[in-house]
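The structure appears right after this line, and notes come after that.
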Amino acid sequence: MRRWAWMLGGLIVWTVHFMGIYAIASLADVVSRADDPAWRMAGLAFSGACLLMALAIAARAARRLRRTTDPSTRFGDQLALLGGGVAAVAIVWQALPTVIGY
């Protein structure tokens, strides 16, 4: 189970970001206006935290990939690196409307 969590870590972070950013936007729309600067900053802070987590997973996977020679371990680290990279790109893509104001 731990290996699966490691290999899917970046994608899990992306999933949490996806659900969290839409929960923040929905809550902002109910409480006040969704484009209120405080809610936009909350969304950006959440996106930043998720982005840092995805990049940390990718960086750790890259470090582990350079040190190990075991093929099964390398495969898991390659998947973790790929998932962290994809998650980082997706999180930036999802946060762009908040950054530019839409």
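Identifiers for the structure tokens are assigned positionally: chains receive A, B, ... in sequence, residues are indexed from 1 per chain, and ligands are indexed from 1 in the order shown.
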Polymer residues at most 12 Å from range 83-87 of chain A, only C-alpha atoms, same-chain spacing of 2 or more positions, as a PyMOL selection string:
chain A and resi 4-18+47+50-62+76-81+89-94
Take the residues that were just selected and, keeping C-alpha atoms, output them as a short mmCIF file (atom, residue, chain, number, x, y, z; two decimals), in the first residue's frame.
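As a result, part.cif now contains:
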data_model
loop_
_atom_site.label_atom_id
_atom_site.label_comp_id
_atom_site.auth_asym_id
_atom_site.auth_seq_id
_atom_site.Cartn_x
_atom_site.Cartn_y
_atom_site.Cartn_z
CA TRP A 4 1.11 2.66 -4.33
CA ALA A 5 0.79 5.85 -2.30
CA TRP A 6 4.33 6.82 -3.32
CA MET A 7 3.77 6.10 -7.02
CA LEU A 8 0.42 7.92 -7.08
CA GLY A 9 1.43 10.73 -4.69
CA GLY A 10 1.50 13.49 -7.30
CA LEU A 11 -1.83 12.47 -8.74
CA ILE A 12 -3.33 12.33 -5.25
CA VAL A 13 -2.12 15.89 -4.63
CA TRP A 14 -3.70 16.95 -7.93
CA THR A 15 -7.00 15.32 -6.92
CA VAL A 16 -6.98 17.09 -3.55
CA HIS A 17 -6.22 20.38 -5.33
CA PHE A 18 -9.00 19.85 -7.84
CA SER A 47 -2.84 26.17 -5.09
CA CYS A 50 -0.42 21.93 -3.52
CA LEU A 51 2.11 22.97 -6.15
CA LEU A 52 4.92 22.87 -3.61
CA MET A 53 3.82 19.40 -2.51
CA ALA A 54 3.74 18.08 -6.09
CA LEU A 55 7.18 19.56 -6.79
CA ALA A 56 8.54 18.08 -3.56
CA ILE A 57 7.33 14.63 -4.59
CA ALA A 58 8.90 15.04 -8.04
CA ALA A 59 12.20 16.28 -6.57
CA ARG A 60 12.39 13.43 -4.06
CA ALA A 61 11.59 10.90 -6.78
CA ALA A 62 14.35 12.34 -8.99
CA GLY A 76 8.07 3.22 -8.83
CA ASP A 77 10.31 6.27 -8.64
CA GLN A 78 9.81 6.96 -12.35
CA LEU A 79 6.04 6.84 -11.88
CA ALA A 80 6.30 9.13 -8.85
CA LEU A 81 8.40 11.59 -10.85
CA VAL A 89 1.55 21.31 -14.65
CA ALA A 90 -2.14 20.58 -13.97
CA ILE A 91 -2.19 22.61 -10.75
CA VAL A 92 -0.65 25.62 -12.52
CA TRP A 93 -3.17 25.21 -15.34
CA GLN A 94 -6.09 25.10 -12.91
#
Excluding Met41 in chain A and any residue of its chain fewer than 6 positions from it, enumerate the residues within 12 Å of it, using only C-alpha atoms, and give them as a PyMOL selection string. chain A and resi 21+24-25+28+34-35+47-48+95+98-99+101
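Minimum distance to Arg3 in chain A across A:Leu44, A:Ala88, A:Ile100, A:Arg74 (counting only C-alpha atoms) occurs at A:Arg74.
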In Å and to one decimal, CA of Arg63 in chain A is distant from CA of Ala49 in chain A by 21.1 Å
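Interatomic distance, CA of Arg40 in chain A to CA of Pro97 in chain A: 9.9 Å.
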**Message:** One number please: CA of Leu82 in chain A to CA of Thr68 in chain A, in Å, one decimal.
**Reply:**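 Result for CA of Leu82 in chain A versus CA of Thr68 in chain A: 16.8 Å, one decimal.
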